[in-house]
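What follows is start-v4.cif (mmCIF, C-alpha atoms).
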```cif
data_entry
loop_
_atom_site.label_atom_id
_atom_site.label_comp_id
_atom_site.auth_asym_id
_atom_site.auth_seq_id
_atom_site.Cartn_x
_atom_site.Cartn_y
_atom_site.Cartn_z
CA MET P 1 50.58 15.38 10.18
CA ASN P 2 47.49 17.26 8.99
CA TRP P 3 46.67 16.94 5.31
CA PRO P 4 43.39 18.86 4.82
CA PHE P 5 42.87 17.60 1.27
CA LEU P 6 42.24 14.04 2.50
CA PRO P 7 38.64 12.99 3.20
CA PRO P 8 37.55 12.49 6.83
CA TRP P 9 37.83 9.06 8.39
CA PRO P 10 35.61 7.23 9.01
CA PRO P 11 33.85 8.55 5.91
CA ASP P 12 30.34 9.97 6.10
CA ILE P 13 27.73 8.24 3.96
CA ASN P 14 26.09 11.08 2.04
CA GLY P 15 22.74 11.02 0.27
CA PHE P 16 24.23 10.18 -3.12
CA ILE P 17 25.98 7.06 -1.84
CA LEU P 18 22.85 6.05 0.08
CA PHE P 19 20.65 6.48 -3.00
CA GLY P 20 22.99 4.36 -5.11
CA LEU P 21 23.32 1.68 -2.44
CA LEU P 22 19.56 1.34 -2.05
CA MET P 23 19.02 1.21 -5.82
CA LEU P 24 21.70 -1.38 -6.53
CA ALA P 25 20.70 -3.56 -3.59
CA GLY P 26 17.05 -3.42 -4.62
CA LEU P 27 17.76 -4.31 -8.23
CA LEU P 28 19.88 -7.28 -7.14
CA GLY P 29 17.21 -8.58 -4.76
CA GLY P 30 14.45 -8.05 -7.32
CA GLU P 31 16.34 -9.89 -10.05
CA LEU P 32 17.09 -12.86 -7.78
CA ALA P 33 13.42 -13.08 -6.83
CA HIS P 34 12.32 -12.82 -10.46
CA ARG P 35 14.63 -15.64 -11.52
CA SER P 36 13.00 -17.94 -8.98
CA GLY P 37 9.92 -18.01 -11.22
CA PHE P 38 7.38 -17.79 -8.39
CA VAL P 39 8.49 -14.92 -6.11
CA PRO P 40 7.59 -11.34 -7.15
CA ARG P 41 10.32 -8.73 -7.44
CA ILE P 42 8.80 -6.81 -4.52
CA THR P 43 9.60 -9.68 -2.17
CA GLY P 44 13.19 -9.52 -3.40
CA PHE P 45 13.33 -5.78 -2.64
CA ILE P 46 12.02 -6.36 0.87
CA ALA P 47 14.27 -9.38 1.51
CA ILE P 48 17.48 -7.61 0.47
CA GLY P 49 16.52 -4.65 2.63
CA PHE P 50 16.00 -6.93 5.61
CA VAL P 51 19.38 -8.60 5.05
CA LEU P 52 21.14 -5.22 4.89
CA GLY P 53 19.09 -3.67 7.69
CA PRO P 54 19.92 -3.09 11.36
CA SER P 55 18.29 -6.32 12.53
CA LEU P 56 20.71 -8.51 10.50
CA THR P 57 23.96 -7.25 8.96
CA GLY P 58 23.62 -3.56 9.89
CA VAL P 59 24.94 -2.27 6.54
CA LEU P 60 21.96 0.10 6.52
CA THR P 61 22.01 1.89 9.88
CA PRO P 62 18.99 3.59 11.49
CA GLU P 63 20.56 6.97 10.64
CA MET P 64 20.86 6.00 6.99
CA LEU P 65 17.24 4.88 6.93
CA ASP P 66 16.17 8.20 8.41
CA GLY P 67 18.13 9.92 5.66
CA ALA P 68 16.25 7.90 3.03
CA GLN P 69 12.86 9.02 4.39
CA VAL P 70 12.48 11.73 1.75
CA PHE P 71 12.65 9.06 -1.00
CA VAL P 72 10.11 6.95 0.91
CA ASP P 73 7.71 9.89 1.23
CA VAL P 74 7.87 10.61 -2.49
CA ALA P 75 7.31 6.93 -3.36
CA LEU P 76 4.34 6.65 -1.00
CA GLY P 77 2.98 9.86 -2.46
CA LEU P 78 3.14 8.55 -6.02
CA ILE P 79 1.53 5.25 -5.05
CA LEU P 80 -1.30 6.75 -2.99
CA PHE P 81 -2.05 9.31 -5.70
CA GLN P 82 -2.13 6.59 -8.33
CA LEU P 83 -4.39 4.47 -6.14
CA GLY P 84 -6.76 7.37 -5.60
CA ARG P 85 -6.92 7.88 -9.35
CA LEU P 86 -8.19 4.31 -9.68
CA LEU P 87 -11.16 4.90 -7.35
CA ASP P 88 -14.08 5.65 -9.64
CA LEU P 89 -16.90 6.98 -7.43
CA SER P 90 -19.47 6.65 -10.22
CA LEU P 91 -18.63 2.93 -10.54
CA ALA P 92 -18.87 2.51 -6.77
CA ARG P 93 -22.33 4.10 -6.85
CA ARG P 94 -23.47 1.82 -9.67
CA GLU P 95 -22.09 -1.32 -8.07
CA ARG P 96 -23.59 -1.08 -4.61
CA SER P 97 -22.38 -4.57 -3.75
CA LEU P 98 -18.76 -3.44 -4.18
CA PHE P 99 -19.25 -0.67 -1.64
CA ALA P 100 -21.13 -3.09 0.62
CA ALA P 101 -18.24 -5.56 0.37
CA ALA P 102 -15.76 -2.83 1.38
CA ILE P 103 -17.85 -1.92 4.43
CA ALA P 104 -18.38 -5.58 5.33
CA GLU P 105 -14.76 -6.68 5.09
CA ALA P 106 -13.56 -3.56 6.92
CA GLY P 107 -16.14 -4.07 9.68
CA LEU P 108 -15.47 -7.79 10.06
CA ALA P 109 -11.70 -7.25 10.05
CA PHE P 110 -12.09 -4.59 12.76
CA ALA P 111 -14.37 -6.80 14.86
CA GLY P 112 -12.14 -9.86 14.47
CA VAL P 113 -8.89 -8.10 15.37
CA PHE P 114 -10.51 -6.32 18.33
CA ALA P 115 -11.98 -9.56 19.67
CA VAL P 116 -8.79 -11.63 19.49
CA LEU P 117 -6.60 -8.89 20.96
CA THR P 118 -8.88 -8.51 23.97
CA LEU P 119 -8.49 -12.26 24.50
CA PHE P 120 -4.75 -11.58 24.86
CA ASP P 121 -5.51 -9.07 27.65
CA ILE P 122 -4.77 -6.06 25.45
CA ALA P 123 -6.52 -2.94 26.76
CA PRO P 124 -9.78 -2.26 24.84
CA MET P 125 -8.62 1.15 23.56
CA GLN P 126 -5.31 -0.25 22.28
CA ALA P 127 -7.16 -3.18 20.70
CA ALA P 128 -9.58 -0.78 19.00
CA VAL P 129 -6.77 1.36 17.56
CA ALA P 130 -4.94 -1.75 16.32
CA ALA P 131 -8.18 -2.99 14.75
CA ALA P 132 -8.72 0.35 12.97
CA ILE P 133 -5.17 0.18 11.61
CA GLY P 134 -5.79 -3.43 10.56
CA ILE P 135 -8.53 -2.32 8.16
CA SER P 136 -5.89 -0.87 5.84
CA SER P 137 -4.23 -2.74 2.99
CA SER P 138 -0.94 -2.00 1.24
CA PRO P 139 -1.51 -0.11 -2.01
CA ALA P 140 2.20 -0.24 -2.79
CA VAL P 141 2.36 -4.03 -2.87
CA VAL P 142 -0.87 -4.54 -4.82
CA LEU P 143 -0.13 -1.84 -7.40
CA LEU P 144 3.43 -2.97 -8.00
CA VAL P 145 2.46 -6.66 -8.34
CA VAL P 146 -0.35 -5.73 -10.74
CA LYS P 147 2.08 -3.64 -12.79
CA GLU P 148 4.78 -6.32 -12.79
CA LEU P 149 2.36 -8.99 -14.02
CA GLY P 150 0.41 -6.70 -16.37
CA ALA P 151 -2.84 -7.96 -14.79
CA GLU P 152 -6.11 -6.57 -16.16
CA GLY P 153 -9.71 -7.59 -15.56
CA PRO P 154 -12.66 -7.31 -13.18
CA LEU P 155 -10.89 -8.98 -10.25
CA THR P 156 -7.86 -6.71 -10.60
CA ASP P 157 -10.02 -3.59 -10.88
CA ARG P 158 -12.13 -4.48 -7.86
CA SER P 159 -9.08 -5.41 -5.80
CA LEU P 160 -7.53 -2.00 -6.43
CA MET P 161 -10.76 -0.21 -5.57
CA LEU P 162 -11.13 -2.23 -2.36
CA VAL P 163 -7.54 -1.38 -1.36
CA ALA P 164 -8.29 2.32 -1.88
CA MET P 165 -11.50 2.10 0.16
CA ASN P 166 -9.70 0.12 2.87
CA ASN P 167 -7.20 2.90 3.41
CA ILE P 168 -9.89 5.59 3.51
CA LEU P 169 -12.00 3.57 5.97
CA SER P 170 -8.95 2.80 8.12
CA PHE P 171 -8.09 6.48 8.42
CA LEU P 172 -11.69 7.43 9.20
CA ALA P 173 -11.96 4.72 11.88
CA TYR P 174 -8.66 5.83 13.42
CA THR P 175 -9.78 9.48 13.36
CA ALA P 176 -13.06 8.52 15.08
CA LEU P 177 -11.05 6.89 17.89
CA LEU P 178 -8.70 9.85 18.42
CA PRO P 179 -11.06 11.77 20.78
CA PHE P 180 -11.27 8.72 23.07
CA ILE P 181 -7.46 8.35 23.05
CA HIS P 182 -7.04 12.01 23.98
CA TYR P 183 -9.72 11.76 26.66
CA ALA P 184 -8.05 8.66 28.16
CA HIS P 185 -4.83 10.69 28.50
CA ASN P 186 -6.57 13.58 30.26
CA SER P 187 -6.44 15.96 27.32
CA GLY P 188 -8.98 18.77 27.32
CA TRP P 189 -12.15 18.46 25.32
CA GLU P 190 -10.81 21.03 22.85
CA ILE P 191 -7.88 18.77 21.96
CA ALA P 192 -10.01 15.62 21.99
CA VAL P 193 -12.56 17.04 19.56
CA LEU P 194 -10.76 19.69 17.55
CA GLU P 195 -7.49 17.90 16.72
CA PRO P 196 -9.09 15.00 14.77
CA LEU P 197 -11.36 17.45 12.97
CA TYR P 198 -8.38 19.67 12.18
CA VAL P 199 -6.34 16.81 10.72
CA LEU P 200 -9.29 15.57 8.64
CA CYS P 201 -10.35 18.99 7.33
CA VAL P 202 -6.83 20.27 6.67
CA SER P 203 -5.84 17.08 4.82
CA LEU P 204 -8.93 17.21 2.61
CA GLY P 205 -8.51 20.96 2.13
CA ILE P 206 -4.92 20.54 0.94
CA ALA P 207 -6.05 17.80 -1.44
CA GLY P 208 -8.82 20.05 -2.78
CA VAL P 209 -6.48 22.98 -3.44
CA PHE P 210 -3.86 20.85 -5.20
CA ALA P 211 -6.54 19.00 -7.20
CA TRP P 212 -7.93 22.32 -8.45
CA LEU P 213 -4.43 23.55 -9.27
CA LEU P 214 -3.54 20.29 -11.03
CA LEU P 215 -6.63 20.36 -13.22
CA ARG P 216 -6.12 24.03 -14.11
CA LEU P 217 -2.48 23.49 -15.09
CA ALA P 218 -3.27 20.28 -16.98
CA ARG P 219 -5.76 22.23 -19.09
CA LEU P 220 -3.24 24.98 -19.88
CA LEU P 221 -0.06 22.95 -20.39
CA PRO P 222 0.69 20.72 -23.42
CA LYS P 223 -1.02 17.36 -23.18
CA ASP P 224 2.01 15.11 -23.63
CA GLU P 225 3.49 12.44 -21.38
CA THR P 226 6.68 14.33 -20.47
CA THR P 227 4.87 17.48 -19.38
CA GLN P 228 2.21 15.58 -17.47
CA PHE P 229 4.82 13.42 -15.74
CA ALA P 230 6.61 16.54 -14.47
CA LEU P 231 3.31 18.12 -13.46
CA LEU P 232 2.14 15.10 -11.48
CA ILE P 233 5.50 14.71 -9.71
CA GLY P 234 5.42 18.39 -8.76
CA MET P 235 1.86 18.16 -7.43
CA VAL P 236 2.54 15.01 -5.41
CA VAL P 237 5.75 16.35 -3.87
CA GLY P 238 4.07 19.69 -3.16
CA THR P 239 1.18 17.93 -1.42
CA VAL P 240 3.61 15.95 0.75
CA GLY P 241 5.44 19.12 1.77
CA VAL P 242 2.35 21.20 2.54
CA ALA P 243 0.67 18.35 4.46
CA GLN P 244 3.77 17.98 6.66
CA LEU P 245 4.04 21.75 7.10
CA ALA P 246 0.39 22.06 8.17
CA ASN P 247 0.45 18.98 10.46
CA GLY P 248 -2.11 17.26 8.27
CA SER P 249 -2.09 13.66 7.12
CA MET P 250 0.16 13.15 4.12
CA LEU P 251 -1.44 9.75 3.52
CA LEU P 252 -5.02 11.04 3.43
CA SER P 253 -4.12 14.16 1.42
CA LEU P 254 -2.48 12.15 -1.35
CA LEU P 255 -5.20 9.54 -1.52
CA ALA P 256 -7.86 12.28 -1.61
CA LEU P 257 -5.86 14.17 -4.26
CA GLY P 258 -6.00 11.15 -6.53
CA VAL P 259 -9.71 10.57 -5.91
CA MET P 260 -10.60 14.23 -6.54
CA THR P 261 -8.46 14.46 -9.66
CA ARG P 262 -10.07 11.35 -11.14
CA ASN P 263 -13.65 12.26 -10.38
CA LEU P 264 -13.52 16.04 -11.07
CA ASP P 265 -11.64 15.72 -14.36
CA ARG P 266 -14.72 15.49 -16.57
CA HIS P 267 -12.84 16.46 -19.76
CA SER P 268 -9.86 14.13 -19.19
CA HIS P 269 -7.24 16.86 -19.02
CA VAL P 270 -5.01 14.61 -16.90
CA LEU P 271 -3.62 11.62 -18.77
CA PRO P 272 -3.81 8.12 -17.20
CA VAL P 273 -1.18 7.80 -14.49
CA ASP P 274 1.98 5.96 -15.53
CA PHE P 275 5.09 7.07 -13.69
CA GLY P 276 7.27 4.73 -15.74
CA SER P 277 10.91 4.10 -14.91
CA GLY P 278 11.22 7.44 -13.14
CA GLY P 279 8.65 6.42 -10.56
CA GLU P 280 9.99 2.88 -10.28
CA ILE P 281 13.28 4.26 -8.94
CA PHE P 282 11.44 5.52 -5.87
CA PHE P 283 9.39 2.31 -5.59
CA VAL P 284 12.55 0.18 -5.39
CA ILE P 285 13.91 2.38 -2.60
CA LEU P 286 10.56 2.28 -0.79
CA PHE P 287 10.56 -1.50 -0.50
CA VAL P 288 14.25 -1.81 0.32
CA VAL P 289 13.80 0.66 3.19
CA ALA P 290 10.59 -1.12 4.26
CA GLY P 291 12.51 -4.40 4.41
CA ALA P 292 15.37 -2.81 6.35
CA ARG P 293 12.89 -1.54 8.93
CA LEU P 294 11.43 -4.98 9.58
CA HIS P 295 12.61 -6.30 12.93
CA LEU P 296 12.15 -9.87 14.10
CA ALA P 297 12.26 -8.40 17.60
CA ASP P 298 8.85 -6.81 16.89
CA LEU P 299 7.43 -10.22 16.05
CA SER P 300 9.02 -11.92 19.04
CA SER P 301 7.88 -9.24 21.50
CA ALA P 302 4.33 -9.30 20.16
CA GLY P 303 4.34 -13.10 20.09
CA PHE P 304 1.09 -14.89 19.40
CA ALA P 305 -0.86 -11.61 19.56
CA ALA P 306 0.66 -10.54 16.22
CA VAL P 307 -0.13 -13.94 14.69
CA ALA P 308 -3.71 -13.73 16.00
CA PHE P 309 -3.97 -10.21 14.53
CA VAL P 310 -2.97 -11.55 11.09
CA LEU P 311 -5.36 -14.51 11.18
CA ALA P 312 -8.36 -12.51 12.47
CA ARG P 313 -7.75 -9.79 9.88
CA PHE P 314 -7.54 -12.34 7.05
CA VAL P 315 -10.72 -14.16 8.11
CA GLY P 316 -12.65 -10.89 8.45
CA LYS P 317 -11.59 -9.53 5.08
CA SER P 318 -12.12 -12.85 3.28
CA ALA P 319 -15.60 -13.27 4.75
CA GLY P 320 -16.62 -9.71 3.96
CA VAL P 321 -15.34 -9.74 0.41
CA MET P 322 -17.53 -12.75 -0.40
CA LEU P 323 -20.26 -10.17 -1.00
CA LEU P 324 -18.48 -9.58 -4.31
CA THR P 325 -20.21 -12.70 -5.61
CA ARG P 326 -23.07 -10.28 -6.30
CA ALA P 327 -20.80 -7.85 -8.17
CA GLY P 328 -19.84 -9.84 -11.25
CA LEU P 329 -17.39 -12.23 -9.55
CA ASP P 330 -18.04 -15.85 -8.67
CA PHE P 331 -17.19 -17.49 -5.34
CA ARG P 332 -13.68 -18.51 -6.43
CA GLN P 333 -12.84 -15.05 -7.77
CA SER P 334 -14.10 -13.46 -4.55
CA ALA P 335 -11.86 -15.75 -2.51
CA LEU P 336 -8.89 -14.76 -4.68
CA THR P 337 -9.78 -11.09 -4.20
CA GLY P 338 -9.50 -11.63 -0.46
CA LEU P 339 -5.88 -12.75 -0.94
CA THR P 340 -4.99 -9.47 -2.67
CA LEU P 341 -6.03 -7.60 0.50
CA VAL P 342 -3.54 -9.46 2.71
CA PRO P 343 -0.55 -7.03 2.36
CA MET P 344 -0.44 -4.26 4.97
CA ALA P 345 2.24 -1.59 5.38
CA GLY P 346 2.12 2.10 4.41
CA MET P 347 -1.03 3.38 6.10
CA ALA P 348 -0.52 1.01 9.05
CA ILE P 349 3.02 2.24 9.68
CA GLY P 350 1.96 5.86 9.30
CA LEU P 351 -0.91 5.63 11.80
CA THR P 352 1.22 3.65 14.26
CA GLN P 353 3.99 6.25 14.12
CA MET P 354 1.44 9.04 14.54
CA THR P 355 0.16 7.41 17.72
CA ALA P 356 3.64 6.68 19.07
CA ALA P 357 4.77 10.27 18.50
CA ARG P 358 1.90 11.64 20.59
CA TYR P 359 1.49 8.93 23.26
CA PRO P 360 4.63 6.72 23.34
CA GLU P 361 3.61 4.74 26.45
CA PHE P 362 0.13 4.04 25.09
CA ALA P 363 1.57 2.98 21.73
CA ALA P 364 4.31 0.66 23.08
CA THR P 365 2.23 -2.53 23.06
CA LEU P 366 0.23 -1.34 20.05
CA SER P 367 3.39 -0.76 18.01
CA ALA P 368 4.82 -4.17 18.86
CA ILE P 369 1.64 -5.96 17.71
CA VAL P 370 1.09 -3.93 14.53
CA LEU P 371 4.75 -3.96 13.47
CA GLY P 372 4.96 -7.67 14.27
CA ALA P 373 1.94 -8.27 12.05
CA ILE P 374 3.55 -6.18 9.29
CA VAL P 375 6.62 -8.43 9.41
CA ILE P 376 4.33 -11.38 8.59
CA LEU P 377 2.06 -9.62 6.11
CA GLU P 378 4.87 -7.97 4.12
CA THR P 379 6.58 -11.37 3.85
CA ILE P 380 3.62 -13.40 2.62
CA GLY P 381 1.50 -10.59 1.15
CA PRO P 382 3.28 -10.08 -2.21
CA VAL P 383 3.45 -13.83 -2.81
CA LEU P 384 -0.27 -14.30 -2.09
CA THR P 385 -1.19 -11.31 -4.25
CA GLU P 386 0.79 -12.67 -7.20
CA TYR P 387 -0.74 -16.12 -6.69
CA ALA P 388 -4.28 -14.68 -6.65
CA LEU P 389 -3.77 -12.66 -9.83
CA LYS P 390 -2.23 -15.60 -11.69
CA GLN P 391 -5.03 -17.92 -10.57
CA SER P 392 -7.63 -15.39 -11.71
CA GLY P 393 -6.64 -15.70 -15.38
CA GLU P 394 -6.16 -11.93 -15.68
CA VAL P 395 -2.38 -12.13 -16.21
CA PRO P 396 -1.40 -12.17 -19.92
CA GLY P 397 -0.23 -15.61 -21.00
CA ILE P 398 -1.59 -17.36 -17.90
CA LEU P 399 -5.02 -19.02 -17.82
CA ALA P 400 -7.34 -19.21 -14.84
CA GLY P 401 -5.86 -21.76 -12.47
CA GLY P 402 -2.28 -20.62 -13.06
CA ALA P 403 -1.47 -22.69 -16.17
CA ARG P 404 0.37 -20.93 -18.98
CA ALA P 405 -1.70 -20.45 -22.12
CA SER P 406 0.96 -22.06 -24.32
CA SER P 407 0.76 -25.30 -22.36
CA VAL P 408 -2.90 -25.65 -23.27
CA ASN P 409 -2.40 -25.40 -27.01
CA GLU P 410 1.08 -26.78 -27.61
CA HIS P 411 -0.16 -30.34 -28.31
CA GLN P 412 -3.19 -29.31 -30.39
CA PRO P 413 -3.17 -29.39 -34.20
CA PRO P 414 -2.90 -26.05 -36.01
CA SER P 415 -6.12 -24.12 -36.32
CA ASP P 416 -7.26 -21.49 -38.81
CA GLU P 417 -8.85 -19.52 -35.97
CA PRO P 418 -7.08 -16.54 -34.42
CA ASP P 419 -5.02 -17.24 -31.29
CA GLY P 420 -7.42 -15.34 -29.05
CA SER P 421 -10.34 -17.54 -30.08
CA ALA P 422 -8.35 -20.68 -29.45
CA VAL P 423 -7.44 -19.50 -25.98
CA MET P 424 -11.05 -18.62 -25.19
CA GLU P 425 -12.20 -22.04 -26.36
CA SER P 426 -9.52 -23.66 -24.19
CA LYS P 427 -10.71 -21.68 -21.17
CA ASP P 428 -14.35 -22.61 -21.83
CA ALA P 429 -13.38 -26.25 -22.08
#
```
Represent the supplied structure as structure tokens.
Amino acid sequence: MNWPFLPPWPPDINGFILFGLLMLAGLLGGELAHRSGFVPRITGFIAIGFVLGPSLTGVLTPEMLDGAQVFVDVALGLILFQLGRLLDLSLARRERSLFAAAIAEAGLAFAGVFAVLTLFDIAPMQAAVAAAIGISSSPAVVLLVVKELGAEGPLTDRSLMLVAMNNILSFLAYTALLPFIHYAHNSGWEIAVLEPLYVLCVSLGIAGVFAWLLLRLARLLPKDETTQFALLIGMVVGTVGVAQLANGSMLLSLLALGVMTRNLDRHSHVLPVDFGSGGEIFFVILFVVAGARLHLADLSSAGFAAVAFVLARFVGKSAGVMLLTRAGLDFRQSALTGLTLVPMAGMAIGLTQMTAARYPEFAATLSAIVLGAIVILETIGPVLTEYALKQSGEVPGILAGGARASSVNEHQPPSDEPDGSAVMESKDA
């Protein structure tokens, strides 16, 4: 009997159900992590995504994850734009040691990853591409942990700037290697030379056009939070769409859009970026999907090469960032800054997928190693970032060393001094 008014069976999971499922699952995982007292919400988002993903329970199928890609692109766009807005080029010029630290930790991370991968008999070109990808750090993790903790201070500021520089340097290193990849696969010299230049120039060109348009509209429109929120969302989503349409790099375009907007806005027409609860909806989905796409098979197939990648990258970045001891941070603070650079995801996944789409055979081993490393770094990265920020003393209510401020003063007699002075005296002691 045919009753056309009944829904089809099995039912199709549409975008509305998928959106709700990702949101509710993320909120549940984040709350469980938060109640632990030492695990950041981001780890909860990633963990619940992994549990629901194809590699474990299969509640979230690969087709469903592909359907959620539009939410992921918007979330990455918001995060990269916000990160670019934090990169103050005038500060980087004044603090030469900060720029030197970025170059040093990127160079040492590249050299370390390349060296250890060649010891595992990985082809030099594949090792070089993996090393270029390994320069990047995850802006999503660092920004969201900073926001969750409310961290503010010199270590937090420098960590965010280093993350932004890491992603720019990673993309530039990868772009510099593209001609050699094309040449190794018998592409003509036109493809080998012109394609990387096209991607770089088009991505920066798109960022320049949208930055100009954003600044013009920000000057004309009312300067209130609601209007600016809508304007920024529109610009970010538009940049994502045009970059994909023109075969440019969405990642570079959005990062460059943020940098240009920050450094060309001399009259502060654009308010400080705060996407609030509207943006956090996309961030939750981003990390749930990221967790669902983690596969233990990637780690097992890469084996010790992925572990060696993680260790070499950490040593290189930690050693390079020690140059920050000349930029207003002491040795301990510089070591903690190195921990905030541990997470790796967005840019690394994007560059790996770009390589796999063009040269799948070349990228097979590369993808296994990089994705295996991401499994490790996205698991421990948020925890290490939260630990570093709490130890730095830049989290409200927590002193340097991780002790809560109340525990320092709770046994002291009342004082006529303001609370802030008492806390400062406790820290000096």
>> I need every residue sitting at most 9 Å from the point (13.0, -8.1, 3.6) (coordinates as in the file, all atoms listed in the file considered), written as JSON, numbers by chain.
In response: {"P": [43, 44, 45, 46, 47, 48, 49, 50, 51, 52, 53, 287, 288, 289, 290, 291, 292, 293, 294, 375, 378, 379]}
Report as a PDB file with C-alpha atoms, in the frame of the given file all protein, DNA and RNA residues lying within 7 Å of region 336-342 of chain P, evaluated on only C-alpha atoms, omitting residues in the same chain fewer than 4 positions from it.
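Writing the result to selection_32.pdb gives the following:
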```pdb
ATOM      1  CA  SER P 137      -4.230  -2.740   2.990  1.00  0.00           C
ATOM      2  CA  VAL P 142      -0.870  -4.540  -4.820  1.00  0.00           C
ATOM      3  CA  LEU P 155     -10.890  -8.980 -10.250  1.00  0.00           C
ATOM      4  CA  SER P 159      -9.080  -5.410  -5.800  1.00  0.00           C
ATOM      5  CA  VAL P 163      -7.540  -1.380  -1.360  1.00  0.00           C
ATOM      6  CA  PHE P 314      -7.540 -12.340   7.050  1.00  0.00           C
ATOM      7  CA  LYS P 317     -11.590  -9.530   5.080  1.00  0.00           C
ATOM      8  CA  SER P 318     -12.120 -12.850   3.280  1.00  0.00           C
ATOM      9  CA  VAL P 321     -15.340  -9.740   0.410  1.00  0.00           C
ATOM     10  CA  ARG P 332     -13.680 -18.510  -6.430  1.00  0.00           C
ATOM     11  CA  LEU P 377       2.060  -9.620   6.110  1.00  0.00           C
ATOM     12  CA  GLY P 381       1.500 -10.590   1.150  1.00  0.00           C
ATOM     13  CA  LEU P 384      -0.270 -14.300  -2.090  1.00  0.00           C
ATOM     14  CA  THR P 385      -1.190 -11.310  -4.250  1.00  0.00           C
ATOM     15  CA  ALA P 388      -4.280 -14.680  -6.650  1.00  0.00           C
TER      16      ALA P 388
END
```
>> I need the output of the PyMOL selection byres ((chain P and resi 210-223) around 8) for this file as number ranges by chain; which residues are they?
In response: P: 206-209, 224-225, 227-228, 231-232, 235, 239, 257-258, 260-261, 265, 269-271
> Restricting the calculation to all atoms listed in the file, which member of P:Leu194, P:Val315, P:Leu83, P:Val236 is positioned closest to Gly112 (chain P)?
Replying inline: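 Under the stated criterion, the closest residue is P:Val315.
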> Can you tell me, as a count of residues only, what residues are no more than 9 Å from Phe38 (chain P) when counting only C-alpha atoms, ignoring any on the same chain fewer than 6 positions away?
Replying inline: 3
>> Between CA of Ser392 (chain P) and CA of Thr156 (chain P), what distance in Å does the model show, to one decimal?
In response: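 Straight-line distance from CA of Ser392 (chain P) to CA of Thr156 (chain P) works out to 8.8 Å.
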>> As a check of understanding, name the residues that the PyMOL selection byres ((chain P and resi 349) around 9) selects in the supplied structure, as JSON, numbers by chain.
In response: {"P": [133, 344, 345, 346, 347, 348, 350, 351, 352, 353, 354, 367, 370, 371, 374]}
>> Could you tell me how far CA of Ala130 (chain P) sits from CA of Gly372 (chain P), in Å to one decimal place?
In response: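 Computing the Euclidean distance for CA of Gly372 (chain P) and CA of Ala130 (chain P) yields 11.7 Å.
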>> So that I can check the surroundings of region 113-124 of chain P, please list as a list in words every protein, DNA and RNA residue that reaches within 9 Å of it, counting only C-alpha atoms and ignoring chain neighbours fewer than 2 positions away.
In response: Leu108, Ala109, Phe110, Ala111, Gln126, Ala127, Ala128, Val129, Ala130, Ala131, Ala132, Gly134, Phe304, Ala305, Ala306, Ala308, Phe309, Val310, Leu311, Ala312, Arg313, Gly316, Thr365 and Leu366 of chain P
> What does the distance between CA of Asn247 (chain P) and CA of Val199 (chain P) come to in Å, to one decimal place?
Replying inline: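 Separating CA of Asn247 (chain P) from CA of Val199 (chain P) is a distance of 7.1 Å.
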>> Expand the PyMOL selection byres ((chain P and resi 157) around 12) into the explicit residue set it covers here, and present it as a VMD selection string.
In response: chain P and resid 83 85 to 88 91 to 92 98 142 to 143 146 151 to 156 158 to 164 327 to 329 337 340 389 394
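With only C-alpha atoms as the atoms that count, the minimum distance from Ile135 (chain P) to the choices P:Leu172, P:Leu149, P:Ala335, P:Ile380 is reached by P:Leu172.
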>> Restricting the calculation to all atoms listed in the file: of P:Leu197, P:Leu76, P:Ala230, P:Leu60, which residue gets closest to Ala140 (chain P)?
In response: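 Closest residue, counting all atoms listed in the file: P:Leu76.
With all atoms listed in the file as the atoms that count, the minimum distance from Leu323 (chain P) to the choices P:Ala363, P:Ala101, P:Leu21, P:Ala68 is reached by P:Ala101.
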>> Counting all atoms listed in the file, which residues sit no farther than 7 Å from the position (-15.6, 10.5, -10.1) in the file's frame? I'd like them as number ranges by chain.
In response: P: 88-90, 262-264
